[in-house]
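K.L.:
File follows, final-v1.cif with mmCIF, N, CA and C atoms:
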data_upload
loop_
_atom_site.label_atom_id
_atom_site.label_comp_id
_atom_site.auth_asym_id
_atom_site.auth_seq_id
_atom_site.Cartn_x
_atom_site.Cartn_y
_atom_site.Cartn_z
N MET H 157 85.39 68.33 71.73
CA MET H 157 86.00 67.21 72.43
C MET H 157 86.53 67.70 73.77
N CYS H 158 86.33 66.94 74.82
CA CYS H 158 86.76 67.31 76.16
C CYS H 158 88.27 67.19 76.29
N GLY H 159 88.80 67.91 77.27
CA GLY H 159 90.22 67.82 77.56
C GLY H 159 90.45 67.89 79.05
N ILE H 160 91.47 67.19 79.54
CA ILE H 160 91.84 67.19 80.95
C ILE H 160 93.31 67.50 81.06
N VAL H 161 93.65 68.39 82.00
CA VAL H 161 95.04 68.73 82.30
C VAL H 161 95.23 68.59 83.80
N GLY H 162 96.33 67.99 84.21
CA GLY H 162 96.64 67.89 85.62
C GLY H 162 98.09 68.27 85.88
N TYR H 163 98.35 68.76 87.11
CA TYR H 163 99.71 69.13 87.49
C TYR H 163 99.91 68.83 88.98
N VAL H 164 101.05 68.21 89.28
CA VAL H 164 101.54 68.04 90.64
C VAL H 164 103.02 68.36 90.59
N GLY H 165 103.46 69.31 91.39
CA GLY H 165 104.87 69.67 91.35
C GLY H 165 105.19 70.81 92.29
N PRO H 166 106.37 71.40 92.14
CA PRO H 166 106.79 72.44 93.07
C PRO H 166 106.24 73.83 92.75
N ASP H 167 105.73 74.04 91.55
CA ASP H 167 105.28 75.36 91.12
C ASP H 167 103.78 75.55 91.38
N GLU H 168 103.32 76.79 91.23
CA GLU H 168 101.89 77.06 91.30
C GLU H 168 101.19 76.30 90.18
N ALA H 169 100.16 75.56 90.53
CA ALA H 169 99.48 74.69 89.56
C ALA H 169 98.62 75.47 88.58
N LEU H 170 97.91 76.49 89.05
CA LEU H 170 96.91 77.14 88.22
C LEU H 170 97.43 77.67 86.89
N PRO H 171 98.55 78.42 86.86
CA PRO H 171 99.03 78.90 85.55
C PRO H 171 99.38 77.77 84.59
N ILE H 172 99.89 76.69 85.12
CA ILE H 172 100.27 75.54 84.28
C ILE H 172 99.01 74.86 83.73
N VAL H 173 98.02 74.68 84.59
CA VAL H 173 96.76 74.05 84.17
C VAL H 173 96.05 74.92 83.12
N LEU H 174 95.99 76.22 83.37
CA LEU H 174 95.34 77.11 82.40
C LEU H 174 96.05 77.09 81.05
N GLU H 175 97.36 77.08 81.06
CA GLU H 175 98.11 77.00 79.79
C GLU H 175 97.80 75.69 79.07
N GLY H 176 97.72 74.61 79.82
CA GLY H 176 97.35 73.33 79.21
C GLY H 176 95.97 73.38 78.59
N LEU H 177 95.02 74.00 79.28
CA LEU H 177 93.67 74.12 78.72
C LEU H 177 93.66 75.00 77.48
N ARG H 178 94.47 76.06 77.48
CA ARG H 178 94.58 76.92 76.28
C ARG H 178 95.05 76.10 75.08
N ARG H 179 95.99 75.20 75.31
CA ARG H 179 96.51 74.37 74.22
C ARG H 179 95.49 73.36 73.71
N LEU H 180 94.45 73.11 74.48
CA LEU H 180 93.40 72.16 74.07
C LEU H 180 92.19 72.87 73.44
N GLU H 181 92.20 74.20 73.41
CA GLU H 181 91.04 74.94 72.93
C GLU H 181 90.64 74.59 71.50
N TYR H 182 91.59 74.28 70.68
CA TYR H 182 91.30 73.99 69.26
C TYR H 182 90.36 72.80 69.11
N ARG H 183 90.25 71.98 70.15
CA ARG H 183 89.40 70.78 70.09
C ARG H 183 87.93 71.12 70.25
N GLY H 184 87.61 72.31 70.73
CA GLY H 184 86.23 72.72 70.94
C GLY H 184 85.72 72.29 72.30
N TYR H 185 84.83 73.11 72.88
CA TYR H 185 84.27 72.83 74.20
C TYR H 185 83.20 73.87 74.49
N ASP H 186 82.40 73.65 75.54
CA ASP H 186 81.36 74.61 75.91
C ASP H 186 81.49 75.14 77.33
N SER H 187 82.42 74.62 78.11
CA SER H 187 82.66 75.11 79.46
C SER H 187 84.04 74.68 79.92
N ALA H 188 84.51 75.32 80.99
CA ALA H 188 85.84 75.00 81.52
C ALA H 188 85.84 75.20 83.03
N GLY H 189 86.71 74.45 83.70
CA GLY H 189 86.82 74.58 85.14
C GLY H 189 88.15 74.09 85.65
N VAL H 190 88.48 74.50 86.88
CA VAL H 190 89.74 74.11 87.52
C VAL H 190 89.49 73.77 88.98
N ALA H 191 90.35 72.93 89.52
CA ALA H 191 90.40 72.63 90.95
C ALA H 191 91.86 72.68 91.36
N VAL H 192 92.14 73.36 92.47
CA VAL H 192 93.51 73.47 92.98
C VAL H 192 93.48 73.11 94.46
N LEU H 193 94.48 72.33 94.87
CA LEU H 193 94.56 71.84 96.24
C LEU H 193 95.79 72.38 96.94
N ASP H 194 95.56 72.95 98.10
CA ASP H 194 96.65 73.39 98.97
C ASP H 194 96.07 73.51 100.38
N GLY H 195 95.95 72.40 101.06
CA GLY H 195 95.25 72.38 102.33
C GLY H 195 93.76 72.27 102.11
N GLY H 196 93.17 73.25 101.45
CA GLY H 196 91.76 73.22 101.06
C GLY H 196 91.65 73.06 99.55
N LEU H 197 90.45 72.87 99.11
CA LEU H 197 90.18 72.65 97.69
C LEU H 197 89.50 73.89 97.12
N GLY H 198 90.14 74.52 96.13
CA GLY H 198 89.56 75.67 95.45
C GLY H 198 89.07 75.27 94.08
N VAL H 199 87.81 75.52 93.79
CA VAL H 199 87.21 75.12 92.52
C VAL H 199 86.49 76.32 91.90
N LEU H 200 86.70 76.50 90.61
CA LEU H 200 85.96 77.53 89.87
C LEU H 200 85.70 76.98 88.47
N LYS H 201 84.49 77.21 87.97
CA LYS H 201 84.09 76.70 86.66
C LYS H 201 83.09 77.64 86.02
N ARG H 202 83.14 77.68 84.70
CA ARG H 202 82.25 78.58 83.97
C ARG H 202 81.83 77.97 82.64
N ALA H 203 80.59 78.25 82.26
CA ALA H 203 80.14 77.94 80.91
C ALA H 203 80.82 78.92 79.97
N GLY H 204 80.99 78.52 78.73
CA GLY H 204 81.62 79.39 77.76
C GLY H 204 83.08 79.06 77.57
N LYS H 205 83.77 79.96 76.94
CA LYS H 205 85.18 79.75 76.60
C LYS H 205 86.09 80.00 77.80
N LEU H 206 87.33 79.64 77.65
CA LEU H 206 88.31 79.76 78.71
C LEU H 206 88.42 81.19 79.23
N GLY H 207 88.20 82.15 78.38
CA GLY H 207 88.22 83.55 78.79
C GLY H 207 87.21 83.86 79.88
N GLU H 208 86.06 83.19 79.84
CA GLU H 208 85.05 83.37 80.90
C GLU H 208 85.59 82.88 82.24
N LEU H 209 86.25 81.73 82.23
CA LEU H 209 86.84 81.20 83.46
C LEU H 209 87.95 82.12 83.95
N GLU H 210 88.80 82.57 83.05
CA GLU H 210 89.91 83.45 83.43
C GLU H 210 89.39 84.77 84.01
N ALA H 211 88.31 85.30 83.44
CA ALA H 211 87.72 86.54 83.97
C ALA H 211 87.16 86.30 85.38
N ALA H 212 86.54 85.15 85.59
CA ALA H 212 86.01 84.82 86.92
C ALA H 212 87.15 84.65 87.92
N LEU H 213 88.23 84.04 87.51
CA LEU H 213 89.40 83.88 88.39
C LEU H 213 89.98 85.25 88.76
N ALA H 214 90.02 86.16 87.81
CA ALA H 214 90.55 87.50 88.08
C ALA H 214 89.63 88.26 89.03
N HIS H 215 88.33 88.06 88.88
CA HIS H 215 87.35 88.78 89.70
C HIS H 215 87.19 88.16 91.09
N GLU H 216 87.13 86.83 91.16
CA GLU H 216 86.84 86.14 92.42
C GLU H 216 88.10 85.70 93.17
N GLY H 217 89.24 85.79 92.52
CA GLY H 217 90.48 85.34 93.14
C GLY H 217 90.85 83.96 92.66
N SER H 218 92.13 83.74 92.50
CA SER H 218 92.63 82.48 91.99
C SER H 218 93.07 81.59 93.14
N PRO H 219 92.62 80.33 93.14
CA PRO H 219 93.10 79.41 94.18
C PRO H 219 94.58 79.12 93.97
N SER H 220 95.32 79.01 95.06
CA SER H 220 96.74 78.71 94.94
C SER H 220 97.01 77.30 95.46
N GLY H 221 98.09 76.74 94.99
CA GLY H 221 98.50 75.40 95.39
C GLY H 221 99.35 74.77 94.32
N SER H 222 100.01 73.71 94.68
CA SER H 222 100.91 73.04 93.74
C SER H 222 100.33 71.75 93.17
N VAL H 223 99.04 71.52 93.39
CA VAL H 223 98.32 70.38 92.81
C VAL H 223 97.06 70.94 92.16
N GLY H 224 96.85 70.63 90.89
CA GLY H 224 95.67 71.15 90.23
C GLY H 224 95.26 70.33 89.03
N MET H 225 94.01 70.54 88.63
CA MET H 225 93.49 69.90 87.42
C MET H 225 92.50 70.85 86.77
N GLY H 226 92.36 70.68 85.47
CA GLY H 226 91.43 71.50 84.70
C GLY H 226 90.72 70.67 83.65
N HIS H 227 89.61 71.20 83.17
CA HIS H 227 88.78 70.44 82.23
C HIS H 227 88.10 71.39 81.26
N THR H 228 88.02 70.97 80.01
CA THR H 228 87.14 71.60 79.02
C THR H 228 86.10 70.56 78.65
N ARG H 229 84.84 70.96 78.51
CA ARG H 229 83.72 70.02 78.40
C ARG H 229 82.85 70.31 77.18
N TRP H 230 82.45 69.24 76.52
CA TRP H 230 81.31 69.26 75.60
C TRP H 230 80.18 68.57 76.34
N ALA H 231 79.06 69.22 76.50
CA ALA H 231 77.96 68.68 77.29
C ALA H 231 77.42 67.38 76.70
N THR H 232 77.27 66.38 77.57
CA THR H 232 76.57 65.14 77.23
C THR H 232 75.36 64.97 78.13
N HIS H 233 75.52 65.16 79.43
CA HIS H 233 74.41 65.11 80.39
C HIS H 233 74.30 66.48 81.03
N GLY H 234 73.20 67.14 80.78
CA GLY H 234 73.01 68.48 81.31
C GLY H 234 73.50 69.54 80.34
N ALA H 235 72.84 70.66 80.36
CA ALA H 235 73.16 71.77 79.46
C ALA H 235 74.52 72.38 79.82
N PRO H 236 75.11 73.13 78.90
CA PRO H 236 76.38 73.82 79.18
C PRO H 236 76.14 75.04 80.09
N THR H 237 76.19 74.81 81.40
CA THR H 237 75.98 75.85 82.40
C THR H 237 77.15 75.84 83.39
N ASP H 238 77.24 76.88 84.20
CA ASP H 238 78.27 76.91 85.24
C ASP H 238 78.14 75.69 86.15
N ARG H 239 76.93 75.36 86.55
CA ARG H 239 76.72 74.24 87.48
C ARG H 239 77.10 72.89 86.88
N ASN H 240 76.94 72.73 85.58
CA ASN H 240 77.24 71.46 84.94
C ASN H 240 78.69 71.34 84.48
N ALA H 241 79.43 72.44 84.50
CA ALA H 241 80.85 72.38 84.14
C ALA H 241 81.61 71.55 85.16
N HIS H 242 82.71 70.96 84.74
CA HIS H 242 83.57 70.19 85.64
C HIS H 242 84.62 71.12 86.23
N PRO H 243 85.16 70.84 87.38
CA PRO H 243 85.05 69.66 88.24
C PRO H 243 83.74 69.65 89.05
N HIS H 244 83.39 68.42 89.48
CA HIS H 244 82.23 68.22 90.34
C HIS H 244 82.71 67.80 91.72
N LEU H 245 81.94 68.19 92.72
CA LEU H 245 82.33 67.96 94.12
C LEU H 245 81.36 67.02 94.82
N ASP H 246 81.86 66.42 95.88
CA ASP H 246 81.00 65.66 96.78
C ASP H 246 80.26 66.64 97.70
N CYS H 247 79.45 66.12 98.60
CA CYS H 247 78.66 66.98 99.50
C CYS H 247 79.53 67.85 100.39
N ALA H 248 80.66 67.33 100.84
CA ALA H 248 81.52 68.06 101.77
C ALA H 248 82.52 68.97 101.06
N GLY H 249 82.62 68.89 99.75
CA GLY H 249 83.58 69.71 99.01
C GLY H 249 85.01 69.26 99.20
N ARG H 250 85.21 67.99 99.53
CA ARG H 250 86.56 67.44 99.72
C ARG H 250 87.07 66.69 98.49
N VAL H 251 86.16 66.23 97.64
CA VAL H 251 86.50 65.42 96.47
C VAL H 251 86.10 66.18 95.22
N ALA H 252 87.04 66.37 94.30
CA ALA H 252 86.76 67.00 93.01
C ALA H 252 87.00 65.96 91.92
N VAL H 253 86.08 65.88 90.98
CA VAL H 253 86.17 64.88 89.92
C VAL H 253 86.01 65.55 88.56
N ILE H 254 86.88 65.15 87.66
CA ILE H 254 86.80 65.51 86.24
C ILE H 254 86.75 64.20 85.47
N HIS H 255 85.93 64.16 84.42
CA HIS H 255 85.72 62.89 83.72
C HIS H 255 85.36 63.16 82.27
N ASN H 256 85.94 62.39 81.39
CA ASN H 256 85.54 62.38 79.99
C ASN H 256 84.85 61.06 79.72
N GLY H 257 83.75 61.11 79.04
CA GLY H 257 83.03 59.89 78.71
C GLY H 257 81.62 59.94 79.25
N ILE H 258 80.97 58.80 79.23
CA ILE H 258 79.58 58.69 79.67
C ILE H 258 79.46 57.54 80.65
N ILE H 259 78.80 57.79 81.77
CA ILE H 259 78.51 56.74 82.75
C ILE H 259 77.10 56.25 82.44
N GLU H 260 77.02 55.08 81.83
CA GLU H 260 75.75 54.57 81.30
C GLU H 260 74.69 54.38 82.39
N ASN H 261 75.09 53.95 83.58
CA ASN H 261 74.11 53.66 84.64
C ASN H 261 74.04 54.78 85.67
N PHE H 262 74.29 56.01 85.25
CA PHE H 262 74.33 57.10 86.22
C PHE H 262 72.98 57.38 86.85
N GLN H 263 71.88 57.19 86.12
CA GLN H 263 70.57 57.53 86.69
C GLN H 263 70.23 56.66 87.89
N PRO H 264 70.38 55.32 87.82
CA PRO H 264 70.10 54.53 89.04
C PRO H 264 71.11 54.83 90.16
N LEU H 265 72.36 55.12 89.79
CA LEU H 265 73.34 55.49 90.80
C LEU H 265 72.92 56.79 91.49
N ARG H 266 72.53 57.76 90.71
CA ARG H 266 72.10 59.06 91.24
C ARG H 266 70.90 58.89 92.18
N GLU H 267 69.91 58.11 91.74
CA GLU H 267 68.71 57.90 92.55
C GLU H 267 69.06 57.24 93.89
N ARG H 268 69.93 56.24 93.87
CA ARG H 268 70.35 55.58 95.11
C ARG H 268 71.07 56.55 96.03
N LEU H 269 72.00 57.32 95.47
CA LEU H 269 72.77 58.27 96.27
C LEU H 269 71.85 59.35 96.87
N GLN H 270 70.89 59.81 96.10
CA GLN H 270 69.95 60.82 96.62
C GLN H 270 69.11 60.24 97.76
N LYS H 271 68.68 59.00 97.63
CA LYS H 271 67.91 58.36 98.70
C LYS H 271 68.74 58.25 99.98
N GLU H 272 70.06 58.14 99.81
CA GLU H 272 70.96 58.03 100.96
C GLU H 272 71.36 59.40 101.51
N GLY H 273 70.82 60.47 100.93
CA GLY H 273 71.05 61.80 101.47
C GLY H 273 72.04 62.67 100.72
N HIS H 274 72.61 62.18 99.64
CA HIS H 274 73.54 63.00 98.87
C HIS H 274 72.77 64.08 98.12
N GLU H 275 73.30 65.29 98.14
CA GLU H 275 72.67 66.40 97.44
C GLU H 275 73.45 66.72 96.17
N PHE H 276 72.77 66.66 95.05
CA PHE H 276 73.37 66.93 93.76
C PHE H 276 73.10 68.37 93.36
N VAL H 277 74.08 68.99 92.72
CA VAL H 277 73.92 70.37 92.27
C VAL H 277 73.96 70.49 90.75
N SER H 278 74.27 69.40 90.05
CA SER H 278 74.33 69.43 88.59
C SER H 278 73.40 68.38 88.00
N GLU H 279 73.33 68.38 86.69
CA GLU H 279 72.55 67.38 85.95
C GLU H 279 73.47 66.34 85.31
N THR H 280 74.73 66.32 85.70
CA THR H 280 75.71 65.49 85.00
C THR H 280 75.81 64.08 85.58
N ASP H 281 76.33 63.18 84.76
CA ASP H 281 76.63 61.84 85.22
C ASP H 281 77.89 61.83 86.09
N THR H 282 78.83 62.70 85.80
CA THR H 282 80.11 62.73 86.49
C THR H 282 79.97 63.02 87.98
N GLU H 283 79.02 63.83 88.36
CA GLU H 283 78.87 64.16 89.78
C GLU H 283 78.63 62.91 90.63
N CYS H 284 78.04 61.88 90.04
CA CYS H 284 77.85 60.62 90.78
C CYS H 284 79.17 60.08 91.30
N VAL H 285 80.21 60.20 90.52
CA VAL H 285 81.52 59.67 90.91
C VAL H 285 82.02 60.35 92.18
N ALA H 286 81.88 61.67 92.27
CA ALA H 286 82.33 62.39 93.46
C ALA H 286 81.59 61.88 94.70
N HIS H 287 80.30 61.63 94.57
CA HIS H 287 79.51 61.14 95.71
C HIS H 287 79.85 59.69 96.04
N LEU H 288 80.14 58.89 95.04
CA LEU H 288 80.55 57.50 95.30
C LEU H 288 81.90 57.46 96.05
N VAL H 289 82.83 58.31 95.65
CA VAL H 289 84.11 58.38 96.36
C VAL H 289 83.87 58.86 97.79
N GLU H 290 83.00 59.85 97.95
CA GLU H 290 82.66 60.35 99.30
C GLU H 290 82.18 59.21 100.19
N GLU H 291 81.34 58.34 99.66
CA GLU H 291 80.85 57.19 100.44
C GLU H 291 81.99 56.31 100.92
N MET H 292 83.00 56.12 100.08
CA MET H 292 84.11 55.25 100.42
C MET H 292 85.06 55.89 101.43
N LEU H 293 85.08 57.22 101.47
CA LEU H 293 85.96 57.92 102.42
C LEU H 293 85.36 57.86 103.81
#
Take the structure in this file and express it as C-alpha cells.

P.N.:
Amino acid sequence: MCGIVGYVGPDEALPIVLEGLRRLEYRGYDSAGVAVLDGGLGVLKRAGKLGELEAALAHEGSPSGSVGMGHTRWATHGAPTDRNAHPHLDCAGRVAVIHNGIIENFQPLRERLQKEGHEFVSETDTECVAHLVEEML
C-alpha cells in the first residue's frame, strides 16, 4: 500500500519526511522517493526499500529545505524502477507530484501532452499530473 508524508515548518524537512516513511514501511511498497524545496527543488527516488533511497541520499547528497514530501509506492502503471518511483516532475523540474490511486484516462492525457511537446520520463499515470500543472503555470 502506498504512503505519502509531507512537512512544512521551521525544521529541515528531509529527516522528518524520512522518519514518516519509515513508519509506513509495514504497509509494504516497491520504491520510495522524496522532494524538498528551498529555492530550488531537490528530488531523489529509488526502486527498492527505503534503505536504497537513504543510501542514495548519503552518496549523492541530501536536499535541504523546510518543505518536503515523500512517497512509498506499489507499482500500478509501470514497473518498480527508479524512473517510475514518485515524485514525478514536469518538463522544467519546477513541479513535483506524488499521488496514490489510478488515473483512469491517463493514456489519452499522456498522448495529448506528448503531442504538445511534453517529454515523459516514466511509464506512470501520475507523471501526467505534473505536466498538466505545468501547462497551467

K.L.:
Could you tell me, as a PyMOL selection string, exactly which residues end up selected when the PyMOL selection byres (((chain H and resi 238 and name CA) around 10) and name CA) is applied to this structure?

P.N.:
chain H and resi 187-189+200-204+209+235-237+239-242+278

K.L.:
I need the residues from that last selection saved to file as a compact mmCIF listing (two decimals), keeping the file's coordinate frame (with N, CA and C atoms), if you can.

P.N.:
# COMPACT_ATOMS: atom_id res chain seq x y z
N SER H 187 82.42 74.62 78.11
CA SER H 187 82.66 75.11 79.46
C SER H 187 84.04 74.68 79.92
N ALA H 188 84.51 75.32 80.99
CA ALA H 188 85.84 75.00 81.52
C ALA H 188 85.84 75.20 83.03
N GLY H 189 86.71 74.45 83.70
CA GLY H 189 86.82 74.58 85.14
C GLY H 189 88.15 74.09 85.65
N LEU H 200 86.70 76.50 90.61
CA LEU H 200 85.96 77.53 89.87
C LEU H 200 85.70 76.98 88.47
N LYS H 201 84.49 77.21 87.97
CA LYS H 201 84.09 76.70 86.66
C LYS H 201 83.09 77.64 86.02
N ARG H 202 83.14 77.68 84.70
CA ARG H 202 82.25 78.58 83.97
C ARG H 202 81.83 77.97 82.64
N ALA H 203 80.59 78.25 82.26
CA ALA H 203 80.14 77.94 80.91
C ALA H 203 80.82 78.92 79.97
N GLY H 204 80.99 78.52 78.73
CA GLY H 204 81.62 79.39 77.76
C GLY H 204 83.08 79.06 77.57
N LEU H 209 86.25 81.73 82.23
CA LEU H 209 86.84 81.20 83.46
C LEU H 209 87.95 82.12 83.95
N ALA H 235 72.84 70.66 80.36
CA ALA H 235 73.16 71.77 79.46
C ALA H 235 74.52 72.38 79.82
N PRO H 236 75.11 73.13 78.90
CA PRO H 236 76.38 73.82 79.18
C PRO H 236 76.14 75.04 80.09
N THR H 237 76.19 74.81 81.40
CA THR H 237 75.98 75.85 82.40
C THR H 237 77.15 75.84 83.39
N ARG H 239 76.93 75.36 86.55
CA ARG H 239 76.72 74.24 87.48
C ARG H 239 77.10 72.89 86.88
N ASN H 240 76.94 72.73 85.58
CA ASN H 240 77.24 71.46 84.94
C ASN H 240 78.69 71.34 84.48
N ALA H 241 79.43 72.44 84.50
CA ALA H 241 80.85 72.38 84.14
C ALA H 241 81.61 71.55 85.16
N HIS H 242 82.71 70.96 84.74
CA HIS H 242 83.57 70.19 85.64
C HIS H 242 84.62 71.12 86.23
N SER H 278 74.27 69.40 90.05
CA SER H 278 74.33 69.43 88.59
C SER H 278 73.40 68.38 88.00

K.L.:
Expand the PyMOL selection byres ((chain H and resi 221) around 6.5) into the individual residues it matches in the shown file, reporting them as a PyMOL selection string.

P.N.:
chain H and resi 167-170+192-194+219-220+222-224

K.L.:
Just to confirm, what's the straight-line distance from atom N of His274 of chain H to atom CA of Thr228 of chain H in Å (one decimal)?

P.N.:
26.9 Å

K.L.:
Hey, can you check how far atom CA of Gln263 of chain H sits from atom CA of Asp281 of chain H?

P.N.:
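Distance reported for this atom pair: 7.6 Å.
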
K.L.:
I need the residue nearest Cys247 of chain H from this list: H:Gly198, H:Asp186, H:Ala286, H:Gly159. Use only C-alpha atoms for the distance.

P.N.:
H:Ala286

K.L.:
Could you tell me how far atom N of Glu216 of chain H lies from atom N of Ala248 of chain H, in Å and to one decimal?

P.N.:
22.7 Å

K.L.:
Find the residue from H:Pro264, H:Pro243, H:Pro166, H:Gly184 that sits nearest to Leu206 of chain H; use only C-alpha atoms when measuring.

P.N.:
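Result for the nearest residue to Leu206 of chain H: H:Gly184.
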